[in-house]
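Student: Quick one: this structure, given as structure tokens, is what I'll be asking you about.
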Amino acid sequence: MTDTPEFNIDTVDNAAGTPNESQPWAELGLKENEYEEIRKILGRRPTAGELAMYSVMWSEHCSYKSSKVHLRQFGDKVTEKMKENMLVGIGQNAGVTDLGDGWAVTFKVESHNSPSYIEPFQGAATGIGGIVRDIISMGARPIAVLDALRLGKIDHPDTKRVLHGAVAGLSHYGNTLGVPGIGGELVFDSSYQGNPLVNAMAIGVMRHEDIHLANASGVGNKVLLYGARTGADGIGGASVLASESFDDSKEVERPTVQAGDPFTEKSLIEATLELFSNDLVEGIQDLGAAGISCATSELASNGEGGMHIELTNVICRDEGMTPGEILMSESQERMMAVIPPQNVDKVEGILNKWDVEYAWLGEVTDTGRLIIDWDGETIVDVDPRTVAHDGPVYDRPYQRPAFQDELQANTFRSAVTDLPSTGDELKAATLDLLGSANLCSKKWVTDQFDSRVQGNTTMSAPDDAGVVRVDENTNMGVAGTMDCNARYVYLDPYHGSQLALAESYRNIATAGAVPVAVSDCLNYGSPENPETMWQFAESIRGLADGCQELEVPVTGGNVSLYNQTNGVDIFPTPVIGVLGRFDDVTRRTESGWTADQDGAAIYLMGT
Amino acid sequence: MSRIVVEVMPKPEILDPLGKAINNALPDFGFDAFTDVRQGKRFELTVDGDITDAVLAQAKEAAEKVFANTVVENVINVYVADDQAGVA
Amino acid sequence: MSRIVVEVMPKPEILDPLGKAINNALPDFGFDAFTDVRQGKRFELTVDGDITDAVLAQAKEAAEKVFANTVVENVINVYVADDQAGVA
Amino acid sequence: MTTELPLVGDYSTDSVADSGLRVGVAVFPGTLGDRDITRALTRHGIEAVQLWHRDTDLQDVDAVILPGGSSYGDYLRPGALAANAPLIKAIKAGVEKGLAVLGTGNGFQILTEAGLLPGAFKMNDSARYHNSAETLTVANNSTAFTKDFSKDERIVLPLSVGYGNYWVDEATAAELAENNQIVLRYAENPHGSTQAIAGVANREGNVVGLLPQAEYAIEAGFGPSTDGARVFTSLLSSLAGGK
Ligand SMILES: Nc1ncnc2c1ncn2[C@@H]1O[C@H](COP(=O)(O)OP(=O)(O)O)[C@@H](O)[C@H]1O
């Protein structure tokens with residue numbers, strides 16, 4: 001570490017003494033009432049560092065301020081039966097489900113939409129990196145990834161850039177990491193032209209005793225930051241990327257994006273799992289959006305509530321980073337852990353072995369305050385709950401769109417008069433469909449993913465679900481899928497979302513597995529538009545009711561709002577991931593018929 | 001036949017994982033003189049005939065639009081190769 | 001702090017799939033002046049302090065042993081960067 | 001120093017006779033296939049001994065396997081940054097004395113970068129990473145790793161690679177053919193390798209590199225074939241013979 005750079009440090013004392021100093025809260029994405037609320041909580045103006053923390057943590061992306069009131073239904077509509085196998089529910093990095101024999105599985109879907117439009121390769125790559133860190137922070141070894149992609153029209157000039165970049169980025173990161181890509185989705189529709197969706201799902205397994213939570217407990221325990229160095233990349237990304245839409249009229253804004261380093265992440269995985277297996281970790285949190293702001297405030301508020309760190313201990317990649325920048329940096333491939341003092345030497349031994357850099361930032365306290373010092377001077381002194389959990393909550397107005405009736409009346413039959421009827425016409429129509437961008441083979445994409453690494457994959461593309469073995473002695477394993485037909489959701493958000501759930505659920509069932517849990521990634525337009533908010537609210541109501549009916553719990557997910565271009569929303573797109581369990585994966589059923597099944601009967605089931 | 005060289009480097013503020021990994025491995029090979037390594041790209045464009053101002057201008061434009069991804073990389077140089085470099 | 005630049009290109013007789021792919025894409029972007037593209041690598045090595053003959057010799061050796069795989073690539077240049085390039 | 005890596009299953013050898021053989025599995029940062037090689041060895045009654053890249057002690061193993069994956073993330077060039085690790089220096093010394101060494105996938109790339117096998121790997125002709133199952137012909141069934149195949153036998157193995165285009169100059173290629181150093185050839189050359197080469201041996205025949213990965217084809221239902229198992233039975237019979 002070089003000498004501490006000299007800044008005009010905005011200390012807590014300074015803030016108390018200069019109440020009228022003007023602050024860039026609007027530029028940081030805060031609303032006036034939110035800024036006022038922060039002043040009220042603190043009883044003074046925030047310091048620059050505190051303002052940075054609140055602004056990123058209170059962003060839509062991190063706080064779920066517009067979605068929280070609706071997401072509650074996933075918890076409220078849960079029956080006793082649905083809770084049976086749930087070891088960890090919504091609220092942690094990812095939910096955990098019991099698989100029996102002491103095994104547990106965790107999985108979650110995340111979006112990386114805006115970054116993937118700006119820089120498709122790195123945006124998609126870091127999407128895989130982020131979701132995989134969520135999984136390892138629960139104590140699990142990642143055993144599979146899936147991805148759901150929504151792109152603009154296939155023949156639009158910009159689609160090529162995003163498609164090839166995103167697929168190469170996903171493939172590069174996942175393959176280098178050694179996590180098999182076992183499935184996903186690829187849909188082209190002009191609705192996503194200026195706002196593609198890149199959603200990634202990761203699945204991990206662990207033994208029950210290895211489950212870890214993001215808690216900073218145990219006064220005197222040490223706070224460890226390890227992995228990549230903290231750089232000036234993605235600063236402000238958490239709030240800026242997720243709350244501003246792109247506008248064609250001006251040159252696309254290009255905030256600094258983050259470059260992914262899958263090699264470092266692979267070492268991070270191995271080192272972290274070795275820390276877990278030696279029982280050295282008290283609490284752990286991955287660093288994603290909002291970086292150190294998020295990790296410190298979440299760990300502290302989930303634990304005994306106090307933490308004291310020295311920010312100059314953070315190892316930076318760039319010289320001269322300000323405290324605010326360090327707090328907001330979204331540099332990838334970093335983790336924060338809480339370590340009992342007696343384990344410090346062993347932890348250092350493991351991190352050194354894997355060539356993983358680390359720094360000890362401070363310790364857990366019982367003060368109920370998160371205190372961050374810069375060279376011994378206090379620059380942040382907050383109740384961590386107010387940063388991480390008690391942010392603003394909006395019950396935004398919603399209203400059925402004026403266009404909904406007309407949309408529903410505009411049926412296929414009303415639009416098309418010359419339906420194919422002769423054999424030749426039907427044949428031509430069938431071939432047209434099979435050759436269309438959304439139905440044709442996706443092999444050129446799926447062939448770019450290593451589906452076999454780890455040696456336990458028994459089904460992947462082009463089958464309906466990916467299947468991997470968990471226990472090599474019993475052949476117990478899991479199946480995963482991601483699905484959504486957004487056109488159905490657009491037509492009728494309540495039932496359309498249930499159809500997405502049903503499709504994903506069916507894919508698991510037809511593979512031969514028992515569906516056990518759901519993770520969703522809810523991609524919508526602006527929540528400030530009441531008609532969009534209606535789509536969102538109806539979707540969640542539909543999903544929560546559907547899950548109750550099917551008796552599978554939602555154990556986690558992600559919300560991505562403000563997906564719009566020039567004020568026009570994408571189709572409401574709730575991508576649904578379902579996880580299934582197999583007693584014996586060798587009994588999985590492939591989709592499609594093979595030559596050796598010649599003569600077998602074909603049945604069409606259902607209504 | 002002439003050649004234009006386009007040089008592209010990762011932006012200084014963007015993490016360069018390749019350079020970092022190379023830098024960490026160099027001591028294994030017995031090289032200890034370097035404190036940092038960054039890996040960029042070097043393109044050689046072949047032009048039939050002479051390089052006019054228009055061709056060079058095209059190369060400069062292509063450098064920004066195709067050869068570099070200016071979100072994460074900078075074009076640091078576009079120049080006409082002397083024979084020496086051209087042949088190599 | 002000083003910098004050394006190492007330039008590596010695929011050998012002329014070796015087909016370069018990356019260069020080829022870019023070459024094929026150029027007309028899509030409206031660039032038609034180029035008949036061939038080859039992609040190589042450019043490394044910047046940072047040295048604390050001045051660049052002595054010994055350091056430059058080490059860079060040259062590292063170029064042949066690490067930065068290039070001389071079965072398929074040539075080291076075409078190893079030189080001390082002037083400030084300009086160094087800063088870029 | 002030895003590494004311990006947690007395995008997904010406990011590969012109990014209850015049903016397999018313990019051969020008494022010990023095979024080293026090299027682990028570099030970024031190696032992915034160490035657990036898969038370990039599984040394949042264990043299933044054949046061979047003890048897998050982890051060899052950490054910074055170790056110089058080969059722990060008296062009977063053979064060494066360099067697994068697939070992305071050592072050092074495949075940065076710079078696949079295999080390049082692993083090629084001078086202390087472990088590689090120890091392996092080179094072992095090779096001089098006749099130690100049998102197999103590199104599979106990235107392990108093969110490391111062996112070429114280390115100069116233990118001829119040639120170099122270029123990016124696939126498609127300029128994309130590619131995951132496939134390849135039909136291959138066995139050109140040399142006299143190595144310790146291919147003994148249980150018949151010559152010219154057609155087998156199927158998985159291949160997952162971005163830099164899968166094996167390149168040697170024409171003169172070296174002729175020499176390889178003449179010395180019976182070509183071990184495997186692709187039926188359809190997917191990535192443009194010189195003379196469709198998928199696997200080679202060194203002149204002495206004790207170092208073998210196979211780009212397709214046998215360890216993902218040892219068990220029905222978990223790979224495109226079970227042909228890969230014979231790489232491990234070959235090892236078993238050739239090493240047991242020497243015991
Ligand atoms: N659409 C959703 N459905 C169910 N749970 C959700 C959804 N979106 C977010 N969650 C849950 O809310 C919690 C906080 O989200 P998380 O993604 O962890 O925040 P962060 O963006 O900080 O990673 C997690 O437990 C997550 O599973």
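Note on naming: chains are A, B, ... as they come in the structure tokens, residues start from 1 per chain, ligands start from 1 in the order shown.
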Just need the residues of chain D within 9 Å of chain B, counting only C-alpha atoms, so spit them out as a PyMOL selection string.

Tutor: chain D and resi 72-76+81-86

Student: Go ahead and save the residues from that selection, with C-alpha atoms, as a PDB file, in the first residue's frame.

Tutor:
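As written to disk, selection.pdb reads:
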ATOM      1  CA  TYR D  72      -3.915 -19.310 -14.899  1.00  0.00           C
ATOM      2  CA  GLY D  73      -7.196 -18.679 -16.652  1.00  0.00           C
ATOM      3  CA  ASP D  74      -5.571 -19.534 -19.991  1.00  0.00           C
ATOM      4  CA  TYR D  75      -4.256 -15.981 -19.872  1.00  0.00           C
ATOM      5  CA  LEU D  76      -1.460 -15.026 -22.281  1.00  0.00           C
ATOM      6  CA  LEU D  81       1.990 -19.459 -17.402  1.00  0.00           C
ATOM      7  CA  ALA D  82       1.977 -22.939 -15.863  1.00  0.00           C
ATOM      8  CA  ALA D  83       4.862 -24.132 -18.020  1.00  0.00           C
ATOM      9  CA  ASN D  84       7.642 -23.037 -15.716  1.00  0.00           C
ATOM     10  CA  ALA D  85       6.124 -23.860 -12.339  1.00  0.00           C
ATOM     11  CA  PRO D  86       8.409 -25.649  -9.870  1.00  0.00           C
TER      12      PRO D  86
END

Student: List all protein, DNA and RNA residues that have an atom no more than 6 Å from any atom of ligand 1, counting only C-alpha atoms and all ligand atoms, and report them as a list of chain:residue names.

Tutor: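 I would give the residues around ligand 1 as A:Cys62, A:Ile90, A:Gly91, A:Gln92, A:Asn93, A:Ala94, A:Asp520, A:Cys521, A:Leu522, A:Val554, A:Gly556, A:Gly557, A:Asn558, A:Val559.
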
Student: For the residues selected in the previous step, produce a file with all heavy atoms as an mmCIF file, in the first residue's frame.

Tutor:
data_model
loop_
_atom_site.group_PDB
_atom_site.id
_atom_site.type_symbol
_atom_site.label_atom_id
_atom_site.label_comp_id
_atom_site.auth_asym_id
_atom_site.auth_seq_id
_atom_site.Cartn_x
_atom_site.Cartn_y
_atom_site.Cartn_z
ATOM 1 N N CYS A 62 -30.469 -1.959 -5.131
ATOM 2 C CA CYS A 62 -30.052 -2.566 -3.870
ATOM 3 C C CYS A 62 -31.159 -2.599 -2.822
ATOM 4 O O CYS A 62 -31.163 -3.462 -1.953
ATOM 5 C CB CYS A 62 -28.855 -1.819 -3.290
ATOM 6 S SG CYS A 62 -27.368 -1.986 -4.276
ATOM 7 N N ILE A 90 -36.032 -16.555 1.619
ATOM 8 C CA ILE A 90 -35.740 -15.237 1.048
ATOM 9 C C ILE A 90 -35.110 -14.339 2.106
ATOM 10 O O ILE A 90 -35.478 -14.392 3.260
ATOM 11 C CB ILE A 90 -37.041 -14.604 0.528
ATOM 12 C CG1 ILE A 90 -37.519 -15.365 -0.715
ATOM 13 C CG2 ILE A 90 -36.847 -13.131 0.215
ATOM 14 C CD1 ILE A 90 -38.790 -14.822 -1.308
ATOM 15 N N GLY A 91 -34.175 -13.516 1.700
ATOM 16 C CA GLY A 91 -33.576 -12.569 2.634
ATOM 17 C C GLY A 91 -32.072 -12.738 2.722
ATOM 18 O O GLY A 91 -31.355 -11.806 3.042
ATOM 19 N N GLN A 92 -31.591 -13.928 2.428
ATOM 20 C CA GLN A 92 -30.139 -14.132 2.418
ATOM 21 C C GLN A 92 -29.634 -14.038 0.979
ATOM 22 O O GLN A 92 -30.412 -13.789 0.065
ATOM 23 C CB GLN A 92 -29.797 -15.488 3.040
ATOM 24 C CG GLN A 92 -29.864 -15.462 4.562
ATOM 25 C CD GLN A 92 -28.692 -14.733 5.209
ATOM 26 O OE1 GLN A 92 -27.630 -14.619 4.627
ATOM 27 N NE2 GLN A 92 -28.900 -14.216 6.411
ATOM 28 N N ASN A 93 -28.339 -14.236 0.791
ATOM 29 C CA ASN A 93 -27.785 -14.138 -0.559
ATOM 30 C C ASN A 93 -28.505 -15.060 -1.538
ATOM 31 O O ASN A 93 -28.713 -14.714 -2.682
ATOM 32 C CB ASN A 93 -26.295 -14.470 -0.548
ATOM 33 C CG ASN A 93 -25.489 -13.347 0.068
ATOM 34 O OD1 ASN A 93 -25.720 -12.184 -0.257
ATOM 35 N ND2 ASN A 93 -24.595 -13.674 0.962
ATOM 36 N N ALA A 94 -28.852 -16.233 -1.087
ATOM 37 C CA ALA A 94 -29.606 -17.166 -1.908
ATOM 38 C C ALA A 94 -30.303 -18.141 -0.959
ATOM 39 O O ALA A 94 -29.800 -18.410 0.132
ATOM 40 C CB ALA A 94 -28.678 -17.914 -2.859
ATOM 41 N N ASP A 520 -36.742 -16.323 -9.131
ATOM 42 C CA ASP A 520 -37.242 -15.548 -10.265
ATOM 43 C C ASP A 520 -36.400 -14.313 -10.503
ATOM 44 O O ASP A 520 -35.777 -13.774 -9.607
ATOM 45 C CB ASP A 520 -38.693 -15.141 -10.044
ATOM 46 C CG ASP A 520 -38.863 -14.361 -8.753
ATOM 47 O OD1 ASP A 520 -37.853 -14.133 -8.064
ATOM 48 O OD2 ASP A 520 -39.990 -14.000 -8.425
ATOM 49 N N CYS A 521 -36.368 -13.875 -11.745
ATOM 50 C CA CYS A 521 -35.713 -12.620 -12.065
ATOM 51 C C CYS A 521 -36.748 -11.769 -12.776
ATOM 52 O O CYS A 521 -37.155 -12.077 -13.902
ATOM 53 C CB CYS A 521 -34.495 -12.865 -12.948
ATOM 54 S SG CYS A 521 -33.454 -11.418 -13.075
ATOM 55 N N LEU A 522 -37.209 -10.714 -12.100
ATOM 56 C CA LEU A 522 -38.331 -9.933 -12.592
ATOM 57 C C LEU A 522 -37.825 -8.699 -13.340
ATOM 58 O O LEU A 522 -37.371 -7.744 -12.726
ATOM 59 C CB LEU A 522 -39.221 -9.536 -11.416
ATOM 60 C CG LEU A 522 -39.668 -10.714 -10.525
ATOM 61 C CD1 LEU A 522 -40.451 -10.215 -9.316
ATOM 62 C CD2 LEU A 522 -40.492 -11.719 -11.316
ATOM 63 N N VAL A 554 -40.829 -19.890 -3.428
ATOM 64 C CA VAL A 554 -39.828 -19.018 -4.026
ATOM 65 C C VAL A 554 -38.739 -18.823 -2.970
ATOM 66 O O VAL A 554 -39.017 -18.369 -1.867
ATOM 67 C CB VAL A 554 -40.433 -17.653 -4.411
ATOM 68 C CG1 VAL A 554 -39.337 -16.699 -4.889
ATOM 69 C CG2 VAL A 554 -41.486 -17.820 -5.484
ATOM 70 N N GLY A 556 -35.733 -17.210 -3.631
ATOM 71 C CA GLY A 556 -34.847 -16.095 -3.909
ATOM 72 C C GLY A 556 -35.108 -15.551 -5.283
ATOM 73 O O GLY A 556 -35.936 -16.084 -6.033
ATOM 74 N N GLY A 557 -34.426 -14.486 -5.607
ATOM 75 C CA GLY A 557 -34.612 -13.908 -6.928
ATOM 76 C C GLY A 557 -34.023 -12.535 -7.009
ATOM 77 O O GLY A 557 -33.183 -12.152 -6.197
ATOM 78 N N ASN A 558 -34.470 -11.811 -8.005
ATOM 79 C CA ASN A 558 -33.866 -10.516 -8.287
ATOM 80 C C ASN A 558 -34.891 -9.674 -9.032
ATOM 81 O O ASN A 558 -35.705 -10.213 -9.779
ATOM 82 C CB ASN A 558 -32.609 -10.774 -9.132
ATOM 83 C CG ASN A 558 -31.910 -9.503 -9.535
ATOM 84 O OD1 ASN A 558 -31.854 -9.150 -10.712
ATOM 85 N ND2 ASN A 558 -31.377 -8.792 -8.572
ATOM 86 N N VAL A 559 -34.860 -8.372 -8.801
ATOM 87 C CA VAL A 559 -35.759 -7.468 -9.513
ATOM 88 C C VAL A 559 -34.929 -6.506 -10.338
ATOM 89 O O VAL A 559 -33.979 -5.917 -9.833
ATOM 90 C CB VAL A 559 -36.632 -6.672 -8.521
ATOM 91 C CG1 VAL A 559 -37.503 -5.667 -9.283
ATOM 92 C CG2 VAL A 559 -37.497 -7.602 -7.696
#

Student: Under the rule that only C-alpha atoms are counted, which of D:Ala90, D:Val161, D:Val64, D:Val200 is the nearest residue to D:Lys122?

Tutor: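 With only C-alpha atoms as the atom set, the closest residue is D:Val161.
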
Student: Restrict the calculation to only C-alpha atoms, then for each residue of stretch 37-121 of chain A with any atom at most 9 Å from an atom of stretch 201-216 of chain A give the closest atom pair and their distance in Å to one decimal, rows by chain and rising residue number, as a tab-separated table.

Tutor:
residue	atom	partner	partner_atom	distance
A:Leu87	CA	A:His208	CA	8.8
A:Val88	CA	A:Ile211	CA	9.0
A:Gln92	CA	A:Leu213	CA	7.0
A:Asn93	CA	A:Ala214	CA	7.5
A:Val96	CA	A:Ile211	CA	8.3
A:Asp98	CA	A:His208	CA	8.0
A:Asp101	CA	A:Arg207	CA	8.9
A:Gly102	CA	A:His208	CA	5.6
A:Trp103	CA	A:Arg207	CA	4.6
A:Ala104	CA	A:Met206	CA	5.4
A:Val105	CA	A:Val205	CA	4.4
A:Thr106	CA	A:Gly204	CA	5.2
A:Phe107	CA	A:Ile203	CA	4.3
A:Lys108	CA	A:Met201	CA	5.4
A:Val109	CA	A:Met201	CA	4.1
A:Glu110	CA	A:Met201	CA	6.4
A:Ser111	CA	A:Met201	CA	8.9

Student: For those residues, write N, CA and C atoms to a file as a PDB file, in the first residue's frame.

Tutor:
ATOM      1  N   LEU A  87     -34.378 -24.669   4.021  1.00  0.00           N
ATOM      2  CA  LEU A  87     -33.430 -24.490   5.120  1.00  0.00           C
ATOM      3  C   LEU A  87     -33.128 -23.008   5.334  1.00  0.00           C
ATOM      4  N   VAL A  88     -33.059 -22.245   4.237  1.00  0.00           N
ATOM      5  CA  VAL A  88     -32.861 -20.800   4.304  1.00  0.00           C
ATOM      6  C   VAL A  88     -33.791 -20.195   3.263  1.00  0.00           C
ATOM      7  N   GLN A  92     -31.591 -13.928   2.428  1.00  0.00           N
ATOM      8  CA  GLN A  92     -30.139 -14.132   2.418  1.00  0.00           C
ATOM      9  C   GLN A  92     -29.634 -14.038   0.979  1.00  0.00           C
ATOM     10  N   ASN A  93     -28.339 -14.236   0.791  1.00  0.00           N
ATOM     11  CA  ASN A  93     -27.785 -14.138  -0.559  1.00  0.00           C
ATOM     12  C   ASN A  93     -28.505 -15.060  -1.538  1.00  0.00           C
ATOM     13  N   VAL A  96     -31.803 -21.759   0.484  1.00  0.00           N
ATOM     14  CA  VAL A  96     -31.209 -23.092   0.562  1.00  0.00           C
ATOM     15  C   VAL A  96     -32.317 -24.131   0.782  1.00  0.00           C
ATOM     16  N   ASP A  98     -33.271 -28.326   1.293  1.00  0.00           N
ATOM     17  CA  ASP A  98     -32.765 -29.636   1.705  1.00  0.00           C
ATOM     18  C   ASP A  98     -32.911 -30.653   0.581  1.00  0.00           C
ATOM     19  N   ASP A 101     -30.194 -36.776   2.929  1.00  0.00           N
ATOM     20  CA  ASP A 101     -28.865 -37.366   3.184  1.00  0.00           C
ATOM     21  C   ASP A 101     -27.829 -36.331   3.603  1.00  0.00           C
ATOM     22  N   GLY A 102     -28.277 -35.224   4.188  1.00  0.00           N
ATOM     23  CA  GLY A 102     -27.321 -34.226   4.640  1.00  0.00           C
ATOM     24  C   GLY A 102     -26.885 -33.251   3.564  1.00  0.00           C
ATOM     25  N   TRP A 103     -27.435 -33.383   2.370  1.00  0.00           N
ATOM     26  CA  TRP A 103     -27.090 -32.471   1.272  1.00  0.00           C
ATOM     27  C   TRP A 103     -28.080 -31.303   1.214  1.00  0.00           C
ATOM     28  N   ALA A 104     -27.605 -30.172   0.765  1.00  0.00           N
ATOM     29  CA  ALA A 104     -28.481 -29.030   0.529  1.00  0.00           C
ATOM     30  C   ALA A 104     -28.093 -28.374  -0.784  1.00  0.00           C
ATOM     31  N   VAL A 105     -29.059 -27.696  -1.396  1.00  0.00           N
ATOM     32  CA  VAL A 105     -28.796 -27.035  -2.670  1.00  0.00           C
ATOM     33  C   VAL A 105     -29.212 -25.576  -2.551  1.00  0.00           C
ATOM     34  N   THR A 106     -28.451 -24.700  -3.190  1.00  0.00           N
ATOM     35  CA  THR A 106     -28.803 -23.286  -3.222  1.00  0.00           C
ATOM     36  C   THR A 106     -28.740 -22.827  -4.668  1.00  0.00           C
ATOM     37  N   PHE A 107     -29.652 -21.951  -5.044  1.00  0.00           N
ATOM     38  CA  PHE A 107     -29.628 -21.451  -6.419  1.00  0.00           C
ATOM     39  C   PHE A 107     -30.310 -20.103  -6.476  1.00  0.00           C
ATOM     40  N   LYS A 108     -29.958 -19.323  -7.476  1.00  0.00           N
ATOM     41  CA  LYS A 108     -30.534 -17.990  -7.591  1.00  0.00           C
ATOM     42  C   LYS A 108     -30.325 -17.441  -8.996  1.00  0.00           C
ATOM     43  N   VAL A 109     -31.249 -16.578  -9.410  1.00  0.00           N
ATOM     44  CA  VAL A 109     -31.137 -15.907 -10.706  1.00  0.00           C
ATOM     45  C   VAL A 109     -30.821 -14.435 -10.471  1.00  0.00           C
ATOM     46  N   GLU A 110     -29.955 -13.879 -11.283  1.00  0.00           N
ATOM     47  CA  GLU A 110     -29.640 -12.451 -11.210  1.00  0.00           C
ATOM     48  C   GLU A 110     -29.658 -11.851 -12.603  1.00  0.00           C
ATOM     49  N   SER A 111     -29.887 -10.544 -12.660  1.00  0.00           N
ATOM     50  CA  SER A 111     -29.851  -9.860 -13.960  1.00  0.00           C
ATOM     51  C   SER A 111     -28.560  -9.071 -14.087  1.00  0.00           C
TER      52      SER A 111
END

Student: Counting only C-alpha atoms, a student should be able to say which residues of chain A come within 7 Å of chain B; what is the right answer, written as an mmCIF file with N, CA and C atoms, in the first residue's frame?

Tutor:
data_model
loop_
_atom_site.group_PDB
_atom_site.id
_atom_site.type_symbol
_atom_site.label_atom_id
_atom_site.label_comp_id
_atom_site.auth_asym_id
_atom_site.auth_seq_id
_atom_site.Cartn_x
_atom_site.Cartn_y
_atom_site.Cartn_z
ATOM 1 N N GLU A 119 -21.454 -2.982 -22.581
ATOM 2 C CA GLU A 119 -20.282 -3.768 -22.956
ATOM 3 C C GLU A 119 -20.684 -5.235 -22.835
ATOM 4 N N ALA A 232 -11.189 1.713 -9.373
ATOM 5 C CA ALA A 232 -12.157 2.786 -9.617
ATOM 6 C C ALA A 232 -13.153 2.380 -10.686
ATOM 7 N N ASP A 233 -13.487 1.104 -10.754
ATOM 8 C CA ASP A 233 -14.420 0.694 -11.809
ATOM 9 C C ASP A 233 -15.835 0.522 -11.284
ATOM 10 N N ARG A 254 -21.362 6.161 -21.262
ATOM 11 C CA ARG A 254 -20.507 4.994 -21.033
ATOM 12 C C ARG A 254 -19.807 5.101 -19.701
ATOM 13 N N GLN A 258 -16.947 -2.815 -15.540
ATOM 14 C CA GLN A 258 -15.985 -3.662 -14.856
ATOM 15 C C GLN A 258 -15.538 -4.799 -15.762
ATOM 16 N N ALA A 259 -14.263 -5.106 -15.667
ATOM 17 C CA ALA A 259 -13.752 -6.251 -16.401
ATOM 18 C C ALA A 259 -13.757 -7.448 -15.457
ATOM 19 N N ASP A 261 -12.584 -11.204 -14.125
ATOM 20 C CA ASP A 261 -11.345 -11.981 -14.055
ATOM 21 C C ASP A 261 -11.689 -13.380 -13.529
#

Student: Per residue of chain D within 7 Å of chain A, which atom pair is closest and at what distance in Å (one decimal), using only C-alpha atoms, listed by chain and increasing number, as CSV?

Tutor:
residue,atom,partner,partner_atom,distance
D:Val8,CA,A:Asp471,CA,6.7
D:Gly9,CA,A:Glu472,CA,5.0
D:Pro29,CA,A:Ser267,CA,6.5
D:Gly30,CA,A:Phe263,CA,5.9
D:Leu32,CA,A:Gly178,CA,5.6
D:Gly33,CA,A:Gln454,CA,6.9
D:Asp36,CA,A:Gly455,CA,6.0
D:Gly69,CA,A:Gly178,CA,7.0
D:Ser70,CA,A:Thr176,CA,5.7
D:Tyr72,CA,A:Phe263,CA,6.1
D:Gly73,CA,A:Phe263,CA,4.5
D:Tyr129,CA,A:Gln448,CA,5.2
D:His130,CA,A:Gln448,CA,4.9
D:Asn131,CA,A:Asp447,CA,5.0
D:Ser132,CA,A:Asp447,CA,6.9
D:Ser160,CA,A:Asp450,CA,6.0
D:Tyr216,CA,A:Gly455,CA,5.7
D:Gly221,CA,A:Thr458,CA,5.8
D:Phe222,CA,A:Thr458,CA,4.9

Student: Can you list, as a PyMOL selection string, every protein, DNA or RNA residue that comes within 8 Å of C:Ala59 when you count only C-alpha atoms, leaving out same-chain residues fewer than 3 positions away?

Tutor: chain C and resi 4+6+55-56+62-63+78

Student: Mind writing the picked residues with N, CA and C atoms as a tab-separated table (two decimals), in the first residue's frame?

Tutor:
chain	number	residue	atom	x	y	z
C	4	ILE	N	8.75	-0.60	-20.86
C	4	ILE	CA	9.29	-1.28	-22.04
C	4	ILE	C	8.11	-1.87	-22.80
C	6	VAL	N	6.80	-4.61	-25.62
C	6	VAL	CA	7.13	-5.85	-26.35
C	6	VAL	C	6.03	-6.10	-27.37
C	55	VAL	N	18.20	-4.61	-17.66
C	55	VAL	CA	16.74	-4.73	-17.64
C	55	VAL	C	16.21	-4.96	-19.05
C	56	LEU	N	16.76	-4.22	-20.00
C	56	LEU	CA	16.30	-4.38	-21.38
C	56	LEU	C	16.63	-5.78	-21.88
C	62	ALA	N	12.67	-12.37	-21.84
C	62	ALA	CA	11.29	-12.71	-21.47
C	62	ALA	C	10.38	-12.71	-22.70
C	63	ALA	N	10.65	-11.80	-23.62
C	63	ALA	CA	9.83	-11.73	-24.83
C	63	ALA	C	9.89	-13.06	-25.58
C	78	VAL	N	11.22	-5.01	-29.22
C	78	VAL	CA	11.28	-4.76	-27.78
C	78	VAL	C	11.97	-3.42	-27.62

Student: Let's see if you can do this: from backbone DSSP, list all strand (DSSP E) residues in chain B, as a list in words.

Tutor: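 Strand (DSSP E) members of chain B, listed: Ser2, Arg3, Ile4, Val5, Val6, Glu7, Val8, Met9, Pro10, Asp36, Val37, Arg38, Gln39, Gly40, Lys41, Arg42, Phe43, Glu44, Leu45, Thr46, Val47, Glu73, Asn74, Val75, Ile76, Asn77, Val78, Tyr79 and Val80 of chain B.
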
Student: List the spatial neighbours of A:Glu538 as a PyMOL selection string - criterion: any atom at most 6 Å away, only C-alpha atoms, same-chain residues fewer than 3 positions off excluded.

Tutor: chain A and resi 493-494+534-535+541

Student: Neighbouring residues of A:Leu351 were defined as those with any atom within 9 Å, considering only C-alpha atoms; residues of the same chain fewer than 4 positions away were excluded. Please report them as a list in words.

Tutor: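 Counting only C-alpha atoms, the residues come to Tyr226, Gly227, Leu268, Ala271, Thr272, Leu275, Lys346, Val347, Asp355, Val356, Glu357 and Tyr358 of chain A.
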